[in-house]
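Visitor: coords.cif is the file, holding mmCIF, C-alpha atoms:
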data_target
loop_
_atom_site.group_PDB
_atom_site.id
_atom_site.type_symbol
_atom_site.label_atom_id
_atom_site.label_comp_id
_atom_site.auth_asym_id
_atom_site.auth_seq_id
_atom_site.Cartn_x
_atom_site.Cartn_y
_atom_site.Cartn_z
ATOM 1 C CA MET A 1 -111.386 -150.934 -293.439
ATOM 2 C CA LYS A 2 -111.038 -150.752 -289.698
ATOM 3 C CA GLY A 3 -110.862 -153.999 -287.796
ATOM 4 C CA ARG A 4 -114.415 -154.209 -286.502
ATOM 5 C CA GLY A 5 -116.223 -157.290 -285.334
ATOM 6 C CA ASP A 6 -119.888 -158.118 -285.201
ATOM 7 C CA GLU A 7 -121.137 -155.300 -287.402
ATOM 8 C CA PHE A 8 -119.368 -156.846 -290.417
ATOM 9 C CA VAL A 9 -121.397 -159.985 -289.926
ATOM 10 C CA TRP A 10 -124.601 -158.081 -290.767
ATOM 11 C CA SER A 11 -123.117 -156.715 -293.988
ATOM 12 C CA MET A 12 -121.887 -160.179 -294.965
ATOM 13 C CA VAL A 13 -125.284 -161.710 -294.254
ATOM 14 C CA GLY A 14 -126.843 -158.979 -296.431
ATOM 15 C CA THR A 15 -124.553 -159.873 -299.318
ATOM 16 C CA LEU A 16 -125.051 -163.620 -298.857
ATOM 17 C CA VAL A 17 -128.828 -163.151 -298.922
ATOM 18 C CA ALA A 18 -128.772 -160.687 -301.821
ATOM 19 C CA GLY A 19 -126.812 -163.026 -304.148
ATOM 20 C CA PRO A 20 -129.211 -165.993 -304.284
ATOM 21 C CA LEU A 21 -132.181 -163.594 -304.072
ATOM 22 C CA VAL A 22 -131.216 -161.437 -307.050
ATOM 23 C CA TRP A 23 -130.016 -164.216 -309.361
ATOM 24 C CA GLY A 24 -132.733 -166.609 -308.179
ATOM 25 C CA LEU A 25 -135.373 -164.030 -309.128
ATOM 26 C CA ILE A 26 -133.678 -163.433 -312.478
ATOM 27 C CA GLY A 27 -133.569 -167.221 -313.035
ATOM 28 C CA MET A 28 -137.249 -167.472 -312.145
ATOM 29 C CA GLY A 29 -138.002 -164.702 -314.656
ATOM 30 C CA VAL A 30 -136.081 -166.566 -317.371
ATOM 31 C CA ASP A 31 -137.986 -169.765 -316.533
ATOM 32 C CA HIS A 32 -141.235 -167.854 -316.810
ATOM 33 C CA LEU A 33 -140.251 -166.268 -320.156
ATOM 34 C CA LEU A 34 -139.188 -169.585 -321.642
ATOM 35 C CA GLY A 35 -142.269 -171.323 -320.292
ATOM 36 C CA ILE A 36 -140.238 -173.917 -318.395
ATOM 37 C CA THR A 37 -140.204 -174.666 -314.693
ATOM 38 C CA ARG A 38 -137.378 -174.811 -312.190
ATOM 39 C CA ILE A 39 -134.359 -174.936 -314.465
ATOM 40 C CA PHE A 40 -132.897 -171.446 -314.284
ATOM 41 C CA LEU A 41 -134.207 -170.762 -310.770
ATOM 42 C CA PRO A 42 -131.803 -173.228 -309.041
ATOM 43 C CA ILE A 43 -129.022 -172.249 -311.463
ATOM 44 C CA GLY A 44 -129.593 -168.573 -310.507
ATOM 45 C CA VAL A 45 -129.651 -169.351 -306.781
ATOM 46 C CA ALA A 46 -126.391 -171.347 -307.016
ATOM 47 C CA LEU A 47 -124.715 -168.726 -309.220
ATOM 48 C CA GLY A 48 -125.865 -165.936 -306.893
ATOM 49 C CA PHE A 49 -124.572 -167.749 -303.839
ATOM 50 C CA ILE A 50 -121.151 -168.414 -305.390
ATOM 51 C CA THR A 51 -120.905 -164.797 -306.547
ATOM 52 C CA SER A 52 -121.892 -163.474 -303.123
ATOM 53 C CA LEU A 53 -119.157 -165.647 -301.563
ATOM 54 C CA LEU A 54 -116.697 -164.031 -303.976
ATOM 55 C CA VAL A 55 -117.933 -160.558 -302.966
ATOM 56 C CA VAL A 56 -117.597 -161.412 -299.262
ATOM 57 C CA TYR A 57 -114.051 -162.652 -299.878
ATOM 58 C CA VAL A 58 -113.077 -159.562 -301.888
ATOM 59 C CA ARG A 59 -114.711 -157.031 -299.535
ATOM 60 C CA TYR A 60 -114.138 -158.549 -296.105
ATOM 61 C CA GLY A 61 -111.558 -161.332 -296.490
ATOM 62 C CA ARG A 62 -108.768 -160.262 -298.779
ATOM 63 C CA ASN A 63 -108.789 -156.544 -297.849
ATOM 64 C CA ALA A 64 -109.527 -156.937 -294.135
ATOM 65 C CA MET B 1 -155.504 -153.940 -261.627
ATOM 66 C CA LEU B 2 -153.526 -156.890 -262.983
ATOM 67 C CA THR B 3 -154.040 -155.802 -266.610
ATOM 68 C CA ALA B 4 -152.489 -152.430 -265.743
ATOM 69 C CA LEU B 5 -149.368 -154.116 -264.371
ATOM 70 C CA MET B 6 -148.977 -156.960 -266.857
ATOM 71 C CA PRO B 7 -149.627 -157.199 -270.587
ATOM 72 C CA MET B 8 -152.322 -159.794 -271.160
ATOM 73 C CA ALA B 9 -155.077 -160.732 -273.548
ATOM 74 C CA THR B 10 -158.162 -162.273 -271.984
ATOM 75 C CA ASP B 11 -161.532 -163.072 -273.490
ATOM 76 C CA ASP B 12 -164.806 -161.679 -272.150
ATOM 77 C CA ASP B 13 -165.159 -164.215 -269.344
ATOM 78 C CA GLY B 14 -161.527 -163.860 -268.223
ATOM 79 C CA GLY B 15 -160.346 -167.100 -269.882
ATOM 80 C CA PHE B 16 -157.206 -167.605 -271.955
ATOM 81 C CA LYS B 17 -156.951 -165.855 -275.286
ATOM 82 C CA ALA B 18 -153.810 -166.258 -277.385
ATOM 83 C CA PRO B 19 -152.212 -162.958 -278.456
ATOM 84 C CA THR B 20 -152.584 -162.047 -282.135
ATOM 85 C CA VAL B 21 -151.149 -159.391 -284.444
ATOM 86 C CA GLY B 22 -154.293 -157.435 -283.616
ATOM 87 C CA GLU B 23 -152.337 -156.391 -280.504
ATOM 88 C CA PHE B 24 -150.333 -154.024 -282.695
ATOM 89 C CA PHE B 25 -153.353 -152.294 -284.222
ATOM 90 C CA PRO B 26 -155.230 -150.698 -281.325
ATOM 91 C CA GLY B 27 -158.329 -148.608 -282.002
ATOM 92 C CA GLU B 28 -158.371 -144.837 -282.383
ATOM 93 C CA LEU B 29 -158.608 -142.898 -279.148
ATOM 94 C CA ILE B 30 -158.802 -139.217 -279.990
ATOM 95 C CA PHE B 31 -159.862 -137.246 -283.087
ATOM 96 C CA VAL B 32 -161.664 -140.431 -284.113
ATOM 97 C CA GLY B 33 -162.682 -140.515 -287.770
ATOM 98 C CA THR B 34 -160.493 -137.554 -288.784
ATOM 99 C CA PRO B 35 -157.126 -137.687 -290.613
ATOM 100 C CA PHE B 36 -155.560 -136.730 -287.256
ATOM 101 C CA ALA B 37 -156.962 -139.745 -285.421
ATOM 102 C CA MET B 38 -154.535 -141.069 -282.828
ATOM 103 C CA THR B 39 -154.220 -144.505 -281.301
ATOM 104 C CA ARG B 40 -152.760 -145.396 -277.927
ATOM 105 C CA ILE B 41 -149.402 -146.060 -279.647
ATOM 106 C CA ASN B 42 -149.333 -142.611 -281.299
ATOM 107 C CA LEU B 43 -149.976 -140.965 -277.938
ATOM 108 C CA MET B 44 -147.296 -143.089 -276.260
ATOM 109 C CA GLY B 45 -144.870 -142.105 -279.039
ATOM 110 C CA LEU B 46 -145.549 -138.415 -278.493
ATOM 111 C CA LEU B 47 -145.174 -138.847 -274.740
ATOM 112 C CA MET B 48 -141.852 -140.727 -274.959
ATOM 113 C CA ALA B 49 -140.421 -138.324 -277.567
ATOM 114 C CA GLY B 50 -141.428 -135.508 -275.194
ATOM 115 C CA VAL B 51 -139.734 -137.249 -272.253
ATOM 116 C CA VAL B 52 -136.463 -137.624 -274.217
ATOM 117 C CA CYS B 53 -136.598 -133.960 -275.333
ATOM 118 C CA VAL B 54 -137.367 -132.643 -271.842
ATOM 119 C CA PHE B 55 -134.600 -134.795 -270.320
ATOM 120 C CA PHE B 56 -131.897 -133.478 -272.659
ATOM 121 C CA VAL B 57 -133.137 -129.868 -272.458
ATOM 122 C CA MET B 58 -133.117 -130.066 -268.649
ATOM 123 C CA ALA B 59 -129.663 -131.662 -268.666
ATOM 124 C CA PHE B 60 -127.992 -129.130 -270.955
ATOM 125 C CA ALA B 61 -130.082 -125.946 -270.662
ATOM 126 C CA LYS B 62 -127.630 -124.416 -268.205
ATOM 127 C CA PRO B 63 -124.495 -126.559 -268.411
ATOM 128 C CA LYS B 64 -121.885 -126.142 -265.688
ATOM 129 C CA LEU B 65 -118.180 -126.951 -265.891
ATOM 130 C CA VAL B 66 -118.546 -129.360 -262.985
ATOM 131 C CA PRO B 67 -121.761 -131.253 -263.783
ATOM 132 C CA SER B 68 -124.310 -132.147 -261.123
ATOM 133 C CA GLY B 69 -127.825 -133.575 -260.957
ATOM 134 C CA VAL B 70 -129.583 -134.050 -264.297
ATOM 135 C CA GLN B 71 -126.559 -132.751 -266.205
ATOM 136 C CA ASN B 72 -124.585 -135.690 -264.810
ATOM 137 C CA LEU B 73 -127.165 -138.120 -266.174
ATOM 138 C CA GLY B 74 -127.289 -136.265 -269.502
ATOM 139 C CA GLU B 75 -123.516 -136.460 -269.880
ATOM 140 C CA MET B 76 -123.584 -140.160 -269.046
ATOM 141 C CA ALA B 77 -126.274 -140.653 -271.707
ATOM 142 C CA VAL B 78 -124.198 -138.813 -274.300
ATOM 143 C CA ASP B 79 -120.948 -140.554 -273.290
ATOM 144 C CA LEU B 80 -122.509 -143.995 -273.532
ATOM 145 C CA VAL B 81 -123.304 -143.552 -277.230
ATOM 146 C CA GLN B 82 -120.196 -141.482 -277.957
ATOM 147 C CA LYS B 83 -117.758 -144.074 -276.583
ATOM 148 C CA ASN B 84 -119.501 -147.308 -277.540
ATOM 149 C CA VAL B 85 -120.891 -146.407 -280.941
ATOM 150 C CA ILE B 86 -119.517 -143.210 -282.452
ATOM 151 C CA ASP B 87 -115.838 -143.479 -281.452
ATOM 152 C CA GLU B 88 -115.903 -147.199 -282.204
ATOM 153 C CA ALA B 89 -117.405 -146.993 -285.694
ATOM 154 C CA LEU B 90 -116.609 -143.513 -286.971
ATOM 155 C CA GLY B 91 -113.550 -142.347 -285.007
ATOM 156 C CA GLU B 92 -112.624 -138.688 -285.548
ATOM 157 C CA LYS B 93 -115.245 -137.926 -288.176
ATOM 158 C CA GLY B 94 -117.991 -139.075 -285.793
ATOM 159 C CA LYS B 95 -118.278 -135.637 -284.150
ATOM 160 C CA LYS B 96 -120.388 -134.374 -287.032
ATOM 161 C CA TYR B 97 -122.906 -137.207 -286.657
ATOM 162 C CA ALA B 98 -123.022 -137.275 -282.837
ATOM 163 C CA PRO B 99 -126.275 -135.249 -282.427
ATOM 164 C CA TYR B 100 -128.062 -137.506 -284.931
ATOM 165 C CA LEU B 101 -126.774 -140.811 -283.566
ATOM 166 C CA ILE B 102 -127.225 -139.909 -279.888
ATOM 167 C CA SER B 103 -130.817 -138.715 -280.478
ATOM 168 C CA MET B 104 -131.489 -141.845 -282.511
ATOM 169 C CA PHE B 105 -130.189 -144.187 -279.795
ATOM 170 C CA TRP B 106 -132.174 -142.622 -276.957
ATOM 171 C CA LEU B 107 -135.365 -142.222 -278.989
ATOM 172 C CA LEU B 108 -135.136 -145.866 -280.051
ATOM 173 C CA PHE B 109 -134.491 -146.924 -276.467
ATOM 174 C CA ALA B 110 -137.491 -144.879 -275.263
ATOM 175 C CA PHE B 111 -139.665 -146.388 -278.005
ATOM 176 C CA ASN B 112 -138.481 -149.932 -277.157
ATOM 177 C CA ILE B 113 -138.705 -149.760 -273.375
ATOM 178 C CA THR B 114 -142.442 -148.927 -273.401
ATOM 179 C CA GLY B 115 -142.913 -152.653 -274.064
ATOM 180 C CA ILE B 116 -142.339 -153.362 -270.377
ATOM 181 C CA LEU B 117 -143.540 -150.140 -268.747
ATOM 182 C CA PRO B 118 -146.654 -150.754 -266.625
ATOM 183 C CA THR B 119 -149.878 -149.421 -268.225
ATOM 184 C CA MET B 120 -148.117 -149.026 -271.612
ATOM 185 C CA HIS B 121 -147.148 -152.691 -272.299
ATOM 186 C CA LEU B 122 -146.396 -152.186 -275.968
ATOM 187 C CA ALA B 123 -143.126 -151.159 -277.609
ATOM 188 C CA ILE B 124 -143.838 -148.178 -279.855
ATOM 189 C CA SER B 125 -141.251 -149.602 -282.263
ATOM 190 C CA SER B 126 -143.300 -152.796 -282.668
ATOM 191 C CA VAL B 127 -145.477 -150.856 -285.125
ATOM 192 C CA ILE B 128 -143.784 -150.944 -288.525
ATOM 193 C CA ALA B 129 -144.018 -147.197 -289.231
ATOM 194 C CA ILE B 130 -141.469 -146.404 -286.511
ATOM 195 C CA PRO B 131 -138.601 -148.746 -287.606
ATOM 196 C CA VAL B 132 -139.315 -147.781 -291.245
ATOM 197 C CA MET B 133 -139.019 -144.085 -290.406
ATOM 198 C CA PHE B 134 -135.685 -144.594 -288.596
ATOM 199 C CA ALA B 135 -134.369 -146.847 -291.398
ATOM 200 C CA VAL B 136 -135.350 -144.391 -294.165
ATOM 201 C CA ILE B 137 -133.651 -141.531 -292.325
ATOM 202 C CA ALA B 138 -130.510 -143.697 -291.849
ATOM 203 C CA TRP B 139 -130.593 -144.654 -295.557
ATOM 204 C CA LEU B 140 -130.893 -141.015 -296.611
ATOM 205 C CA VAL B 141 -128.100 -139.924 -294.250
ATOM 206 C CA PHE B 142 -125.529 -142.521 -295.346
ATOM 207 C CA ASN B 143 -126.270 -142.102 -299.044
ATOM 208 C CA ILE B 144 -126.306 -138.306 -298.992
ATOM 209 C CA GLN B 145 -123.113 -138.176 -296.919
ATOM 210 C CA GLY B 146 -121.484 -140.747 -299.219
ATOM 211 C CA VAL B 147 -122.345 -138.723 -302.327
ATOM 212 C CA ARG B 148 -121.181 -135.516 -300.645
ATOM 213 C CA ALA B 149 -117.881 -137.090 -299.564
ATOM 214 C CA LEU B 150 -116.967 -138.932 -302.769
ATOM 215 C CA GLY B 151 -119.140 -137.449 -305.519
ATOM 216 C CA PHE B 152 -122.024 -139.355 -307.137
ATOM 217 C CA PHE B 153 -120.073 -141.423 -309.679
ATOM 218 C CA HIS B 154 -117.210 -142.293 -307.350
ATOM 219 C CA TYR B 155 -119.713 -143.262 -304.640
ATOM 220 C CA MET B 156 -121.673 -145.530 -306.979
ATOM 221 C CA LYS B 157 -118.438 -147.025 -308.334
ATOM 222 C CA ALA B 158 -117.105 -147.731 -304.841
ATOM 223 C CA ASN B 159 -120.367 -149.441 -303.859
ATOM 224 C CA LEU B 160 -121.228 -151.315 -307.027
ATOM 225 C CA PHE B 161 -117.808 -152.269 -308.425
ATOM 226 C CA PRO B 162 -115.557 -153.766 -305.739
ATOM 227 C CA PRO B 163 -111.929 -153.518 -306.871
ATOM 228 C CA GLY B 164 -109.871 -156.549 -307.847
ATOM 229 C CA ILE B 165 -112.523 -158.500 -309.735
ATOM 230 C CA PRO B 166 -112.186 -159.344 -313.455
ATOM 231 C CA TRP B 167 -114.600 -157.069 -315.353
ATOM 232 C CA PRO B 168 -116.929 -159.771 -316.796
ATOM 233 C CA ILE B 169 -117.697 -160.866 -313.222
ATOM 234 C CA TYR B 170 -119.130 -157.377 -312.550
ATOM 235 C CA LEU B 171 -122.149 -158.497 -314.569
ATOM 236 C CA LEU B 172 -122.893 -160.906 -311.727
ATOM 237 C CA VAL B 173 -121.566 -158.876 -308.813
ATOM 238 C CA THR B 174 -123.036 -155.413 -309.459
ATOM 239 C CA PRO B 175 -126.752 -156.379 -309.151
ATOM 240 C CA ILE B 176 -125.955 -158.159 -305.872
ATOM 241 C CA GLU B 177 -124.086 -155.144 -304.523
ATOM 242 C CA PHE B 178 -126.916 -152.836 -305.577
ATOM 243 C CA VAL B 179 -129.547 -154.910 -303.784
ATOM 244 C CA SER B 180 -127.461 -155.540 -300.653
ATOM 245 C CA THR B 181 -126.354 -151.902 -300.240
ATOM 246 C CA PHE B 182 -129.328 -149.877 -301.392
ATOM 247 C CA LEU B 183 -132.315 -152.139 -300.734
ATOM 248 C CA LEU B 184 -131.431 -154.734 -298.096
ATOM 249 C CA ARG B 185 -129.742 -152.379 -295.640
ATOM 250 C CA PRO B 186 -132.859 -150.328 -294.790
ATOM 251 C CA LEU B 187 -134.985 -153.472 -295.024
ATOM 252 C CA THR B 188 -132.850 -155.457 -292.567
ATOM 253 C CA LEU B 189 -132.632 -152.486 -290.176
ATOM 254 C CA THR B 190 -136.443 -152.332 -290.158
ATOM 255 C CA ILE B 191 -137.137 -156.047 -289.871
ATOM 256 C CA ARG B 192 -134.533 -156.706 -287.160
ATOM 257 C CA LEU B 193 -136.000 -154.065 -284.845
ATOM 258 C CA LEU B 194 -139.652 -154.761 -285.675
ATOM 259 C CA ALA B 195 -139.402 -158.549 -285.315
ATOM 260 C CA ASN B 196 -137.566 -158.356 -281.989
ATOM 261 C CA MET B 197 -140.066 -155.934 -280.512
ATOM 262 C CA MET B 198 -143.125 -157.808 -281.827
ATOM 263 C CA ALA B 199 -141.840 -161.181 -280.640
ATOM 264 C CA GLY B 200 -140.999 -159.796 -277.190
ATOM 265 C CA HIS B 201 -144.470 -158.347 -276.771
ATOM 266 C CA LEU B 202 -146.215 -161.527 -277.929
ATOM 267 C CA LEU B 203 -144.161 -163.627 -275.494
ATOM 268 C CA LEU B 204 -144.988 -161.371 -272.555
ATOM 269 C CA VAL B 205 -148.693 -161.334 -273.403
ATOM 270 C CA LEU B 206 -148.660 -165.095 -273.839
ATOM 271 C CA PHE B 207 -147.071 -165.826 -270.451
ATOM 272 C CA PHE B 208 -149.092 -163.303 -268.456
ATOM 273 C CA SER B 209 -152.392 -164.252 -270.156
ATOM 274 C CA ALA B 210 -151.635 -167.884 -269.377
ATOM 275 C CA THR B 211 -150.836 -166.955 -265.754
ATOM 276 C CA SER B 212 -154.164 -165.187 -265.401
ATOM 277 C CA ALA B 213 -156.154 -167.951 -267.119
ATOM 278 C CA LEU B 214 -154.457 -170.701 -265.089
ATOM 279 C CA LEU B 215 -155.102 -168.880 -261.812
ATOM 280 C CA LEU B 216 -158.787 -168.645 -262.647
ATOM 281 C CA ALA B 217 -158.990 -172.256 -263.797
ATOM 282 C CA ASP B 218 -160.405 -175.039 -261.608
ATOM 283 C CA GLY B 219 -158.366 -177.894 -260.173
ATOM 284 C CA PHE B 220 -154.675 -178.626 -259.948
ATOM 285 C CA VAL B 221 -153.755 -176.773 -263.187
ATOM 286 C CA LYS B 222 -153.690 -173.631 -261.032
ATOM 287 C CA ILE B 223 -150.179 -174.648 -259.981
ATOM 288 C CA PHE B 224 -148.883 -174.093 -263.511
ATOM 289 C CA ALA B 225 -149.607 -170.380 -263.085
ATOM 290 C CA ILE B 226 -146.377 -170.174 -261.048
ATOM 291 C CA PRO B 227 -143.905 -171.261 -263.778
ATOM 292 C CA SER B 228 -145.885 -169.216 -266.308
ATOM 293 C CA PHE B 229 -145.537 -166.112 -264.130
ATOM 294 C CA ILE B 230 -141.817 -166.802 -263.548
ATOM 295 C CA MET B 231 -141.259 -167.077 -267.311
ATOM 296 C CA GLY B 232 -143.204 -163.851 -267.875
ATOM 297 C CA PHE B 233 -141.098 -162.094 -265.247
ATOM 298 C CA ALA B 234 -137.846 -163.478 -266.706
ATOM 299 C CA PHE B 235 -138.829 -162.341 -270.195
ATOM 300 C CA THR B 236 -139.700 -158.896 -268.823
ATOM 301 C CA LEU B 237 -136.113 -158.591 -267.560
ATOM 302 C CA PHE B 238 -134.853 -159.983 -270.861
ATOM 303 C CA GLU B 239 -136.875 -157.323 -272.706
ATOM 304 C CA ILE B 240 -134.900 -154.596 -270.913
ATOM 305 C CA LEU B 241 -131.723 -156.078 -272.407
ATOM 306 C CA ILE B 242 -133.392 -156.367 -275.829
ATOM 307 C CA ALA B 243 -134.552 -152.726 -275.684
ATOM 308 C CA VAL B 244 -130.964 -151.546 -275.102
ATOM 309 C CA LEU B 245 -129.431 -154.049 -277.517
ATOM 310 C CA GLN B 246 -131.741 -153.245 -280.427
ATOM 311 C CA ALA B 247 -131.234 -149.490 -279.991
ATOM 312 C CA TYR B 248 -127.468 -150.154 -279.885
ATOM 313 C CA ILE B 249 -127.416 -152.396 -282.979
ATOM 314 C CA PHE B 250 -129.563 -149.999 -285.017
ATOM 315 C CA THR B 251 -127.367 -147.019 -284.092
ATOM 316 C CA LEU B 252 -124.096 -148.920 -284.544
ATOM 317 C CA LEU B 253 -125.084 -150.212 -287.992
ATOM 318 C CA THR B 254 -126.158 -146.718 -289.062
ATOM 319 C CA ALA B 255 -122.745 -145.420 -287.935
ATOM 320 C CA VAL B 256 -120.970 -148.252 -289.798
ATOM 321 C CA TYR B 257 -122.980 -147.528 -292.965
ATOM 322 C CA ILE B 258 -122.095 -143.825 -292.723
ATOM 323 C CA ASP B 259 -118.424 -144.723 -292.238
ATOM 324 C CA SER B 260 -118.323 -147.110 -295.175
ATOM 325 C CA ALA B 261 -120.237 -144.651 -297.392
ATOM 326 C CA THR B 262 -117.847 -141.796 -296.667
ATOM 327 C CA SER B 263 -114.610 -143.809 -296.839
ATOM 328 C CA GLU B 264 -112.502 -144.077 -299.968
ATOM 329 C CA GLU B 265 -111.943 -147.810 -299.469
ATOM 330 C CA HIS B 266 -114.938 -150.104 -299.160
#
Could you render the structure as structure tokens?

Guide:
Amino acid sequence: MKGRGDEFVWSMVGTLVAGPLVWGLIGMGVDHLLGITRIFLPIGVALGFITSLLVVYVRYGRNA
Amino acid sequence: MLTALMPMATDDDGGFKAPTVGEFFPGELIFVGTPFAMTRINLMGLLMAGVVCVFFVMAFAKPKLVPSGVQNLGEMAVDLVQKNVIDEALGEKGKKYAPYLISMFWLLFAFNITGILPTMHLAISSVIAIPVMFAVIAWLVFNIQGVRALGFFHYMKANLFPPGIPWPIYLLVTPIEFVSTFLLRPLTLTIRLLANMMAGHLLLVLFFSATSALLLADGFVKIFAIPSFIMGFAFTLFEILIAVLQAYIFTLLTAVYIDSATSEEH
């Protein structure tokens, strides 16, 4: 990847938002299916955030 | 007279009325009640698109080796996008996308700048259909060009499976990559432009409506019309910067998305 500046920030923000969003929604779905409240939702959000940090590192940190 | 020069919302007796989202849904003006009904914003959109077309046709209809007059301006307009966006983000392969990106930048600028033009007072891009249309076209362009450059499976693999991650982690990573690349990109392009244009318009209407209402008010509160007008004027200047900046960001991000979609490495 070419050494660009600000435009990468938008892609990183996209990934950092997508992680908690996707896995938070999946966690919320699991909560709903199991008939419990707010157990898998925070787990999903945390898992999604950690995974999105990994993606940011792999895509923009390590290979930059 | 004042309402023609400044965007403002006043109630029937000229008092202060806070701006609402109703500002962005004006009534139909022509062909009322038919499927072809047009609002003030539609007409402004047609006008500004026409202005951009006429400008570029006039500039390059009879190009000369040594440019003069409108051709000079046209070349400056092309160069601005070519040097700052296309060369920067796409390099050599940018030539192919120059007509698309240059038209996009100047159309977006024309649609943004109407927010501060007297008698218009409303950015055409502050109505969601316009940013959505630009974002959908950008989404189609970068995906189609990515598939054409790499082939469907290679393109999906490059986007959804970043290299160097142990395979069980792909279960977590791939849904995130799918959402961030294929859903959030057009969504963020749309929201960034729309929110900036809407907020700018609401601020201008707020300050100029307050100026008008304070001037008409009784007593010493009249004096507060001065800072309100100064703020309105300052934000009008700021909106010029925002109009250029938002057109630039939208075009630059589209170019970056095209580059990343058509590159082997992601």

Visitor: Which residues of chain B are close to chain A, meaning at most 8 Å apart when you count all atoms listed in the file, and how do they look as a PyMOL selection string?

Guide: chain B and resi 89+162-165+172-173+175-177+179-180+184-185+188+252-253+256+265-266

Visitor: For the selection you just gave me, I'd like the residues written to a file as a compact mmCIF listing (two decimals), keeping the file's coordinate frame, keeping C-alpha atoms.

Guide:
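Printed below is again14.txt as written:
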# COMPACT_ATOMS: atom_id res chain seq x y z
CA ALA B 89 -117.40 -146.99 -285.69
CA PRO B 162 -115.56 -153.77 -305.74
CA PRO B 163 -111.93 -153.52 -306.87
CA GLY B 164 -109.87 -156.55 -307.85
CA ILE B 165 -112.52 -158.50 -309.74
CA LEU B 172 -122.89 -160.91 -311.73
CA VAL B 173 -121.57 -158.88 -308.81
CA PRO B 175 -126.75 -156.38 -309.15
CA ILE B 176 -125.96 -158.16 -305.87
CA GLU B 177 -124.09 -155.14 -304.52
CA VAL B 179 -129.55 -154.91 -303.78
CA SER B 180 -127.46 -155.54 -300.65
CA LEU B 184 -131.43 -154.73 -298.10
CA ARG B 185 -129.74 -152.38 -295.64
CA THR B 188 -132.85 -155.46 -292.57
CA LEU B 252 -124.10 -148.92 -284.54
CA LEU B 253 -125.08 -150.21 -287.99
CA VAL B 256 -120.97 -148.25 -289.80
CA GLU B 265 -111.94 -147.81 -299.47
CA HIS B 266 -114.94 -150.10 -299.16

Visitor: Report, in Å with one decimal, the straight-line distance from CA of Phe250 in chain B to CA of Gly115 in chain B.

Guide: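 Between CA of Phe250 in chain B and CA of Gly115 in chain B the gap works out to 17.5 Å.
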
Visitor: Could you state which residues are captured by the PyMOL selection byres ((chain B and resi 107) around 12) in this file, as JSON, numbers by chain?

Guide: {"B": [45, 46, 47, 48, 49, 50, 51, 52, 53, 55, 56, 77, 99, 100, 101, 102, 103, 104, 105, 106, 108, 109, 110, 111, 112, 113, 114, 123, 124, 125, 130, 131, 134, 243, 244, 246, 247, 248, 250, 251]}

Visitor: Once 4 Å is added on each side, what centre and edge lengths in Å to one decimal does the axis-aligned box around all listed atoms of range 25-37 of chain A have, as lines of an AutoDock Vina configuration file?

Guide:
center_x = -137.9
center_y = -169.0
center_z = -315.4
size_x = 16.7
size_y = 19.2
size_z = 20.5

Visitor: Hey, can you check how far CA of Ile191 in chain B sits from CA of Lys96 in chain B?

Guide: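 Distance reported for this atom pair: 27.5 Å.
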
Visitor: Give the answer as one residue: which of B:Trp139, B:Phe16, B:Tyr170, B:Phe182 has the shortest atom-to-atom distance to Leu214 in chain B, using all atoms listed in the file?

Guide: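 Of the candidates, the smallest distance to Leu214 in chain B is held by B:Phe16.
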
Visitor: Quote the spacing between CA of Leu160 in chain B and CA of Phe178 in chain B in Å to one decimal place.

Guide: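 Taking CA of Leu160 in chain B and CA of Phe178 in chain B, their separation equals 6.1 Å.
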
Visitor: Using only C-alpha atoms, pick whichever of B:Ile169, B:Ala261, B:Ala9, B:Val54 has the shortest atom-to-atom distance to Val141 in chain B.

Guide: B:Ala261

Visitor: Neighbouring residues of Val132 in chain B were defined as those with any atom within 10 Å, considering all atoms listed in the file; residues of the same chain fewer than 2 positions away were excluded. Please report them as a list in words.

Guide: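 Non-adjacent residues within range: Ser125, Val127, Ile128, Ala129, Ile130, Phe134, Ala135, Val136, Ile137, Ala138, Pro186, Leu187, Leu189, Thr190, Ile191, Leu193 and Leu194 of chain B.
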